[in-house]
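Beneath this line is the structure, given in structure tokens, with notes to follow.
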Amino acid sequence: MQLTNRSEVVVNKVMTFKERLYFPAIISGLIITMKHLFKKRATVKYPEEIRPVAPIYRGLHVLKRDEQGRENCTACGLCAVACPAEAITMTAAERKKGEENLYREEKYAAVYEINMLRCIFCGLCEEACPKEAIFLTDRILPSGLNRANFIFGKDKLVEGVSNDARIDISKRTNAHRTD
Amino acid sequence: MEFIIVKFVLVVVVFLVSLGIAAYSTYAERKIAAFLQDRVGPDRAGPFGLLQPVADGVKMFMKEEIIPTHADKGLFILGPSIMMMTACMTGVVIPWGSTLIINGTEYPVQITDLNIGILYIFGVVSIGVYGIMIGGWASNNKYSLMGAIRASSQMISYELAMGMAIIALVMTTGTLSIGEIVKQQQGMHWNVFVQPLGFVLFIVCAFAECNRTPFDLPECETELVGGYHTEYSSMKLGFYLFAEYINMFISSAIIASLYFGGYNFPFIDQLGLPHNVLTLLGTLIFFGKVFFFIFFFMWVRWTLPRFRYDQLMHVGWRVMIPLALFNILLTAVIVLWQNGQFN
Amino acid sequence: MLNQNLPFMILATLSVFSALMVVLSRKPVHSVLYLIFCFFTIGGHYLLLNAQFLFAVHIIVYAGAIMVLFLFTLMFINLNKELEPHKSNLVKAAATIVAGTLLLVMVSTVTDTGNIFPTQVSQNEVGTVAVLGKKLYGDYVLPFELTSILLLAAMVGAVMIGKKNTES
């Protein structure tokens with residue numbers, strides 16, 4: 001079966017005199033590399049210059065709050081069930097009196113951990129979530145030297161309360177819309 | 001006394017310039033490699049990465065010095081020293097420029113014009129082989145020894161063809177002094193037009209002598225772990241690598257002065273400039289030629305793959321040497337014909 | 001006199017020392033390296049005699065080519081104490097006699113020469129390229145050409161030995 005039209009049948013043919021001179025071949029090779037000298041550089045200088053990512057890029061997770069700054073998550077555990085890599089664990093707790101401004105519903109996640117070394121960034125947790133609490137963002141998982149640092153708890157996952165600490169996910173959610 | 005001071009200054013300047021150019025050749029090598037591969041290359045240390053050689057040097061000095069337990073300690077240190085010494089010694093006979101007239105005295109911009117200049121270069125180059133051989137053997141390591149043996153047999157093989165290419169040149173110029181050869185190429189009478197085949201042979205052999213791709217078998221990383229300097233670390237490794245770049249600079253200078261007119265350039269006499277200005281201009285143009293050849297060395301390196309060992313020996317003994325002999329014969333016939341010996 | 005001959009004295013001391021070390025050093029590779037050093041000092045003597053061409057050729061041919069091959073072979077066969085061949089007493093005696101006779105010849109030559117200290121650096125032009133070339137191709141053309149034929153014959157012989165025997 002022919003896969004591409006670039007395949008060539010190997011033959012042990014004797015080289016002609018012109019080929020055995022080598023120099024024409026060497027010069028044509030030099031011309032090819034010289035042409036590359038004037039081509040556009042393919043390098044992206046990363047920290048200064050960031051490549052545009054697709055709107056549906058699945059990066060680091062965020063646990064959203066609602067408009068009043070209350071955590072959306074109710075610790076229902078659907079994300080953990082959906083997770084094919086079994087990266088999510090959580091412990092549920094009951095909301096006490098006076099915590100209404102912190103948690104939206106009566107039940108909340110006291111502990112919510114994602115093991116980023118297990119996570120495959122498939123986005124199934126986001127799809128499973130009935131409360132619009134977990135989203136994947138365009139942020140990139142930072143590298144680290146310690147395994148323990150890759151288990152992200154609520155301190156790293158939940159977005160801030162103040163307006164400028166909120167993490168924008170509209171690009172991704174809008175891209176999913178079909179209307 | 002004045003003579004000694006002038007020569008001393010010249011020696012120091014040539015030494016420092018060689019080291020500086022060799023250091024920046026490492027940077028140029030990486031930049032050119034990157035450009036030919038559509039990359040950017042080192043650009044973090046200083047503007048455009050210009051401080052990269054400094055960073056590399058500091059790194060080399062700071063690295064741990066390791067001498068293998070079973071190595072021959074004295075020879076282990078002697079190897080890179082010989083390599084570095086021979087690399088620096090060749091610059092002595094190269095005419096960097098014409099003469100400078102200071103206070104009515106004429107000083108040649110050349111450390112010494114030996115009347116056996118070319119032979120001197122050959123002598124020094126042939127000693128350079130010992131640096132590799134001693135280093136490779138003293139490491140007491142199979143890979144090093146293999147690399148050393150490869151390197152020395154390659155260098156001996158190509159030294160022959162190189163010498164023969166030069167013999168043809170000497171036959172046309174009639175002198176062994178490099179200063180004299182450069183003087184004869186006044187204006188546009190470059191030897192490359194007289195000896196095109198000799199030039200091609202010489203430059204191919206120069207590649208082989210400098211262990212540059214496509215003849216970099218002595219240190220082919222993919223086959224020999226690192227060749228003759230497998231066991232070397234720190235600045236001793238740095239010396240080996242650095243010597244390679246100095247050799248490249250010196251070979252470029254030799255090619256430029258033997259075949260491309262050295263400090264001569266076209267219409268040198270028609271400009272009507274003062275003598276000293278012309279000399280400085282000539283030196284600049286000489287360095288331009290040298291830089292072009294350094295670039296050419298790198299250009300070829302990032303274009304051609306490495307030869308197989310049998311191919312290397314085949315090219316050396318069964319292509320280069322017969323061609324060089326043919327070139328000698330042809331040159332002899334033409335020289336005799338021009339002298340009217342056949343009439 | 002000592003002051004004038006200082007370069008000569010230094011070179012001579014070095015060459016005698018390195019020549020002795022060739023014989024005395026335990027490792028074969030060290031011997032070869034001392035021999036190379038010895039060649040360099042002898043090259044220095046050539047320079048003192050104003051024979052620059054001879055100096056360059058000496059370095060290129062002996063130090064640069066022949067000794068590299070010596071070193072090459074020694075590195076390959078990797079001589080060490082266990083493999084050191086032990087010669088019989090007869091061979092040792094023969095070697096001593098031969099070496100002693102050679103020494104005698106050398107000593108007699110040197111004593112015949114008379115003045116072994118050159119009083120000044122030679123200013124004659126015999127050693128320079130031009131004069132040497134004229135001499136070789138003028139007065140000594142026959143011995144020179146005969147030598148080249150001898151070398152050619154040796155080269156052809158080497159090629160014949162090195163060739164694969166296709167018949168058997």
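Ligands are numbered from 1 in the order shown, residues from 1 within each chain, and chains are lettered A, B, ... in the order they appear in the structure tokens.
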
Please return as a JSON list (two decimals) with N, CA and C atoms, in the first residue's frame: the residues of range 52-155 of chain A that backbone DSSP assigns to helix (DSSP H, G or I).
[["chain", "number", "residue", "atom", "x", "y", "z"],
["A", 78, "LEU", "N", -19.66, 14.68, 41.56],
["A", 78, "LEU", "CA", -19.83, 14.22, 40.18],
["A", 78, "LEU", "C", -18.55, 14.36, 39.37],
["A", 79, "CYS", "N", -17.80, 15.41, 39.66],
["A", 79, "CYS", "CA", -16.54, 15.61, 38.94],
["A", 79, "CYS", "C", -15.58, 14.47, 39.24],
["A", 80, "ALA", "N", -15.52, 14.09, 40.52],
["A", 80, "ALA", "CA", -14.62, 13.01, 40.90],
["A", 80, "ALA", "C", -15.03, 11.71, 40.24],
["A", 81, "VAL", "N", -16.35, 11.50, 40.10],
["A", 81, "VAL", "CA", -16.82, 10.28, 39.44],
["A", 81, "VAL", "C", -16.48, 10.32, 37.95],
["A", 82, "ALA", "N", -16.65, 11.52, 37.35],
["A", 82, "ALA", "CA", -16.41, 11.64, 35.91],
["A", 82, "ALA", "C", -14.93, 11.54, 35.58],
["A", 124, "LEU", "N", -13.62, 16.65, 31.51],
["A", 124, "LEU", "CA", -14.85, 15.94, 31.86],
["A", 124, "LEU", "C", -15.43, 16.43, 33.18],
["A", 125, "CYS", "N", -14.60, 16.88, 34.10],
["A", 125, "CYS", "CA", -15.07, 17.42, 35.38],
["A", 125, "CYS", "C", -15.95, 18.64, 35.13],
["A", 126, "GLU", "N", -15.50, 19.46, 34.19],
["A", 126, "GLU", "CA", -16.24, 20.66, 33.85],
["A", 126, "GLU", "C", -17.61, 20.29, 33.27],
["A", 127, "GLU", "N", -17.62, 19.25, 32.40],
["A", 127, "GLU", "CA", -18.89, 18.84, 31.79],
["A", 127, "GLU", "C", -19.82, 18.22, 32.81],
["A", 128, "ALA", "N", -19.21, 17.49, 33.79],
["A", 128, "ALA", "CA", -20.05, 16.80, 34.77],
["A", 128, "ALA", "C", -20.65, 17.74, 35.79],
["A", 148, "ALA", "N", 4.71, 16.78, 45.95],
["A", 148, "ALA", "CA", 3.65, 17.24, 46.85],
["A", 148, "ALA", "C", 3.06, 18.56, 46.36],
["A", 149, "ASN", "N", 3.90, 19.39, 45.73],
["A", 149, "ASN", "CA", 3.41, 20.68, 45.26],
["A", 149, "ASN", "C", 2.44, 20.57, 44.10],
["A", 150, "PHE", "N", 2.32, 19.38, 43.54],
["A", 150, "PHE", "CA", 1.42, 19.24, 42.40],
["A", 150, "PHE", "C", 0.01, 18.84, 42.82],
["A", 154, "LYS", "N", -7.68, 23.80, 47.73],
["A", 154, "LYS", "CA", -8.60, 24.91, 47.47],
["A", 154, "LYS", "C", -7.86, 26.24, 47.41],
["A", 155, "ASP", "N", -6.73, 26.32, 48.15],
["A", 155, "ASP", "CA", -5.98, 27.57, 48.15],
["A", 155, "ASP", "C", -5.51, 27.96, 46.76]]

Find the spatial neighbours of Lys96 in chain A, counting only C-alpha atoms, within a cut-off of 12 Å - ignore same-chain residues fewer than 3 positions away - and output them as a list of chain:residue names.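 Using only C-alpha atoms, the neighbours found are A:Ala93, A:Glu99, A:Glu100, A:Asn101, A:Leu102, A:Tyr103, A:Arg104, A:Glu105, A:Glu106, A:Lys107, A:Tyr108, A:Ala110.
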
Near chain A, which residues of chain B fall within 6 Å when you count only C-alpha atoms, and what do they look like as an NGL selection string? :B and (35-36 or 38-39)

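Between CA of Gly153 in chain A and CA of Lys171 in chain A the interatomic distance comes to 24.8 Å.
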
Output as CSV one row per residue of chain B within 10 Å of chain C: the closest atom pair and its distance in Å to one decimal place, counting only C-alpha atoms, sorted by chain and residue number ascending.
residue,atom,partner,partner_atom,distance
B:Leu75,CA,C:His30,CA,8.9
B:Leu114,CA,C:Gln52,CA,8.9
B:Asn115,CA,C:Val129,CA,8.0
B:Ile116,CA,C:Phe53,CA,6.5
B:Gly117,CA,C:Ala56,CA,9.4
B:Ile118,CA,C:Ala56,CA,9.4
B:Leu119,CA,C:Ala56,CA,5.8
B:Tyr120,CA,C:Ala56,CA,6.0
B:Ile121,CA,C:Ala56,CA,9.1
B:Phe122,CA,C:Ile60,CA,6.6
B:Gly123,CA,C:Ile60,CA,4.7
B:Val124,CA,C:Ile60,CA,8.1
B:Val125,CA,C:Gly64,CA,8.3
B:Ser126,CA,C:Gly64,CA,4.6
B:Ile127,CA,C:Gly64,CA,5.7
B:Gly128,CA,C:Gly64,CA,8.7
B:Val129,CA,C:Gly64,CA,7.9
B:Tyr130,CA,C:Val68,CA,7.5
B:Met133,CA,C:Leu71,CA,8.2
B:Ile134,CA,C:Leu71,CA,9.0
B:Gly136,CA,C:Met75,CA,9.9
B:Trp137,CA,C:Met75,CA,7.0
B:Ala138,CA,C:Val29,CA,9.7
B:Leu145,CA,C:Met75,CA,8.0
B:Met146,CA,C:Phe76,CA,9.7
B:Ala148,CA,C:Phe72,CA,9.4
B:Ile149,CA,C:Phe72,CA,7.1
B:Ser152,CA,C:Val68,CA,7.8
B:Ser153,CA,C:Phe72,CA,8.6
B:Ile156,CA,C:Ala65,CA,7.1
B:Glu159,CA,C:Ala65,CA,9.4
B:Leu160,CA,C:Ala65,CA,9.8
B:Gly174,CA,C:Ala130,CA,9.9
B:Thr175,CA,C:Ala130,CA,9.0
B:Leu176,CA,C:Val129,CA,8.5

Any chance you could export the current selection's N, CA and C atoms as an mmCIF file, in the first residue's frame?
data_model
loop_
_atom_site.group_PDB
_atom_site.id
_atom_site.type_symbol
_atom_site.label_atom_id
_atom_site.label_comp_id
_atom_site.auth_asym_id
_atom_site.auth_seq_id
_atom_site.Cartn_x
_atom_site.Cartn_y
_atom_site.Cartn_z
ATOM 1 N N LEU B 75 50.504 13.230 31.678
ATOM 2 C CA LEU B 75 50.147 13.308 30.266
ATOM 3 C C LEU B 75 48.723 13.809 30.085
ATOM 4 N N LEU B 114 59.329 34.215 8.569
ATOM 5 C CA LEU B 114 60.307 33.145 8.386
ATOM 6 C C LEU B 114 60.414 32.819 6.904
ATOM 7 N N ASN B 115 61.631 32.502 6.456
ATOM 8 C CA ASN B 115 61.722 32.127 5.045
ATOM 9 C C ASN B 115 61.255 30.688 4.818
ATOM 10 N N ILE B 116 60.842 30.022 5.912
ATOM 11 C CA ILE B 116 60.249 28.696 5.758
ATOM 12 C C ILE B 116 58.847 28.706 6.357
ATOM 13 N N GLY B 117 58.149 29.846 6.222
ATOM 14 C CA GLY B 117 56.864 30.047 6.890
ATOM 15 C C GLY B 117 55.887 28.897 6.745
ATOM 16 N N ILE B 118 55.733 28.404 5.503
ATOM 17 C CA ILE B 118 54.755 27.344 5.273
ATOM 18 C C ILE B 118 55.176 26.071 5.989
ATOM 19 N N LEU B 119 56.472 25.774 5.937
ATOM 20 C CA LEU B 119 56.956 24.564 6.603
ATOM 21 C C LEU B 119 56.773 24.682 8.109
ATOM 22 N N TYR B 120 56.956 25.899 8.623
ATOM 23 C CA TYR B 120 56.755 26.130 10.053
ATOM 24 C C TYR B 120 55.324 25.772 10.440
ATOM 25 N N ILE B 121 54.373 26.236 9.611
ATOM 26 C CA ILE B 121 52.976 25.925 9.913
ATOM 27 C C ILE B 121 52.755 24.423 9.906
ATOM 28 N N PHE B 122 53.357 23.752 8.927
ATOM 29 C CA PHE B 122 53.184 22.299 8.868
ATOM 30 C C PHE B 122 53.769 21.622 10.086
ATOM 31 N N GLY B 123 54.949 22.102 10.499
ATOM 32 C CA GLY B 123 55.573 21.528 11.687
ATOM 33 C C GLY B 123 54.666 21.664 12.898
ATOM 34 N N VAL B 124 54.141 22.869 13.091
ATOM 35 C CA VAL B 124 53.307 23.111 14.270
ATOM 36 C C VAL B 124 52.035 22.275 14.203
ATOM 37 N N VAL B 125 51.431 22.209 12.998
ATOM 38 C CA VAL B 125 50.202 21.436 12.860
ATOM 39 C C VAL B 125 50.469 19.959 13.156
ATOM 40 N N SER B 126 51.635 19.471 12.699
ATOM 41 C CA SER B 126 51.906 18.052 12.919
ATOM 42 C C SER B 126 52.162 17.769 14.395
ATOM 43 N N ILE B 127 52.606 18.782 15.152
ATOM 44 C CA ILE B 127 52.746 18.562 16.593
ATOM 45 C C ILE B 127 51.373 18.531 17.255
ATOM 46 N N GLY B 128 50.440 19.288 16.678
ATOM 47 C CA GLY B 128 49.098 19.340 17.242
ATOM 48 C C GLY B 128 48.463 17.977 17.393
ATOM 49 N N VAL B 129 48.854 17.033 16.522
ATOM 50 C CA VAL B 129 48.311 15.678 16.612
ATOM 51 C C VAL B 129 48.596 15.083 17.991
ATOM 52 N N TYR B 130 49.781 15.414 18.555
ATOM 53 C CA TYR B 130 50.152 14.817 19.839
ATOM 54 C C TYR B 130 49.197 15.226 20.944
ATOM 55 N N MET B 133 46.429 12.797 20.669
ATOM 56 C CA MET B 133 46.842 11.414 20.932
ATOM 57 C C MET B 133 47.167 11.206 22.402
ATOM 58 N N ILE B 134 47.955 12.141 22.972
ATOM 59 C CA ILE B 134 48.352 11.992 24.369
ATOM 60 C C ILE B 134 47.127 12.069 25.274
ATOM 61 N N GLY B 136 44.015 11.410 24.547
ATOM 62 C CA GLY B 136 43.177 10.229 24.385
ATOM 63 C C GLY B 136 43.770 9.018 25.066
ATOM 64 N N TRP B 137 45.079 8.879 24.976
ATOM 65 C CA TRP B 137 45.704 7.694 25.573
ATOM 66 C C TRP B 137 45.752 7.821 27.089
ATOM 67 N N ALA B 138 46.081 9.025 27.580
ATOM 68 C CA ALA B 138 46.249 9.206 29.017
ATOM 69 C C ALA B 138 44.935 9.048 29.765
ATOM 70 N N LEU B 145 40.562 6.503 23.524
ATOM 71 C CA LEU B 145 41.637 5.960 22.701
ATOM 72 C C LEU B 145 41.173 5.832 21.250
ATOM 73 N N MET B 146 39.938 5.324 21.085
ATOM 74 C CA MET B 146 39.396 5.206 19.727
ATOM 75 C C MET B 146 39.353 6.565 19.063
ATOM 76 N N ALA B 148 41.122 9.190 19.775
ATOM 77 C CA ALA B 148 42.472 9.687 19.526
ATOM 78 C C ALA B 148 43.056 9.027 18.294
ATOM 79 N N ILE B 149 42.835 7.716 18.164
ATOM 80 C CA ILE B 149 43.417 7.012 17.024
ATOM 81 C C ILE B 149 42.751 7.462 15.730
ATOM 82 N N SER B 152 44.158 10.959 14.970
ATOM 83 C CA SER B 152 45.534 11.073 14.479
ATOM 84 C C SER B 152 45.660 10.471 13.094
ATOM 85 N N SER B 153 44.979 9.344 12.838
ATOM 86 C CA SER B 153 45.127 8.780 11.495
ATOM 87 C C SER B 153 44.499 9.707 10.461
ATOM 88 N N ILE B 156 47.002 12.654 9.966
ATOM 89 C CA ILE B 156 48.193 12.280 9.189
ATOM 90 C C ILE B 156 47.815 12.141 7.719
ATOM 91 N N GLU B 159 47.218 15.544 6.176
ATOM 92 C CA GLU B 159 48.411 16.389 6.145
ATOM 93 C C GLU B 159 49.172 16.179 4.836
ATOM 94 N N LEU B 160 49.202 14.916 4.389
ATOM 95 C CA LEU B 160 49.909 14.580 3.149
ATOM 96 C C LEU B 160 49.342 15.363 1.972
ATOM 97 N N GLY B 174 57.382 30.305 -5.936
ATOM 98 C CA GLY B 174 58.831 30.249 -5.829
ATOM 99 C C GLY B 174 59.358 30.668 -4.482
ATOM 100 N N THR B 175 58.520 30.672 -3.453
ATOM 101 C CA THR B 175 59.014 31.013 -2.115
ATOM 102 C C THR B 175 58.216 30.259 -1.066
ATOM 103 N N LEU B 176 58.836 30.068 0.101
ATOM 104 C CA LEU B 176 58.147 29.413 1.214
ATOM 105 C C LEU B 176 57.687 30.424 2.250
#

Need to verify the contact set: Ile334 in chain B, 12 Å, only C-alpha atoms, exclusion of same-chain residues closer than 5 positions in sequence. Can you return it as a PyMOL selection string? chain B and resi 168+171-172+194-195+327-329+339-342

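Across the structure, CA of Thr86 in chain B and CA of Glu244 in chain B are spaced 10.8 Å apart.
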
If I take CA of Gly179 in chain B and CA of Met85 in chain B, how far is one from the other in Å, to one decimal? 22.7 Å

Tell me, as a PyMOL selection string, which residues lie within 6 Å of range 320-326 of chain B, counting only C-alpha atoms; anything in the same chain fewer than 2 positions away does not count. chain B and resi 161+164-165+316-317+328-329

Hey, what does DSSP flag as strand (DSSP E or B) within range 36-110 of chain A? Can you give it to me as a list in words? His61, Val62, Leu63, Arg65, Glu71, Ile88, Thr89, Met90, Thr91, Ala92, Ala93, Glu94, Tyr103, Lys107, Tyr108, Ala109 and Ala110 of chain A

Could you list, as a count of residues only, every residue within 12 Å of Pro196 in chain B, counting only C-alpha atoms and ignoring same-chain residues fewer than 4 positions away? 18

Which residues are close to Tyr158 in chain B, i.e. within 7 Å by only C-alpha atoms, leaving aside same-chain residues fewer than 4 positions away? Reply as a PyMOL selection string. chain B and resi 154+162+205+208-209+316

Write the residues of the selection above to a file with C-alpha atoms, as a CSV table (one decimal), in the first residue's frame.
chain,number,residue,atom,x,y,z
B,154,GLN,CA,42.8,11.3,9.9
B,162,MET,CA,47.6,19.3,2.2
B,205,CYS,CA,42.3,19.2,4.0
B,208,ALA,CA,39.9,17.6,8.0
B,209,GLU,CA,42.9,19.1,10.0
B,316,GLY,CA,42.0,11.1,1.8

Find the residues around range 141-144 of chain B up to 8 Å (only C-alpha atoms counted), leave out those fewer than 4 positions away in its own chain, and share them as a PyMOL selection string. chain B and resi 135-137+148+224-231

So which one's closest to Leu74 in chain C, C:Val32, C:Ala19, C:Val105, C:Val91? Using only C-alpha atoms, please.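 Of the candidates, the smallest distance to Leu74 in chain C is held by C:Val32.
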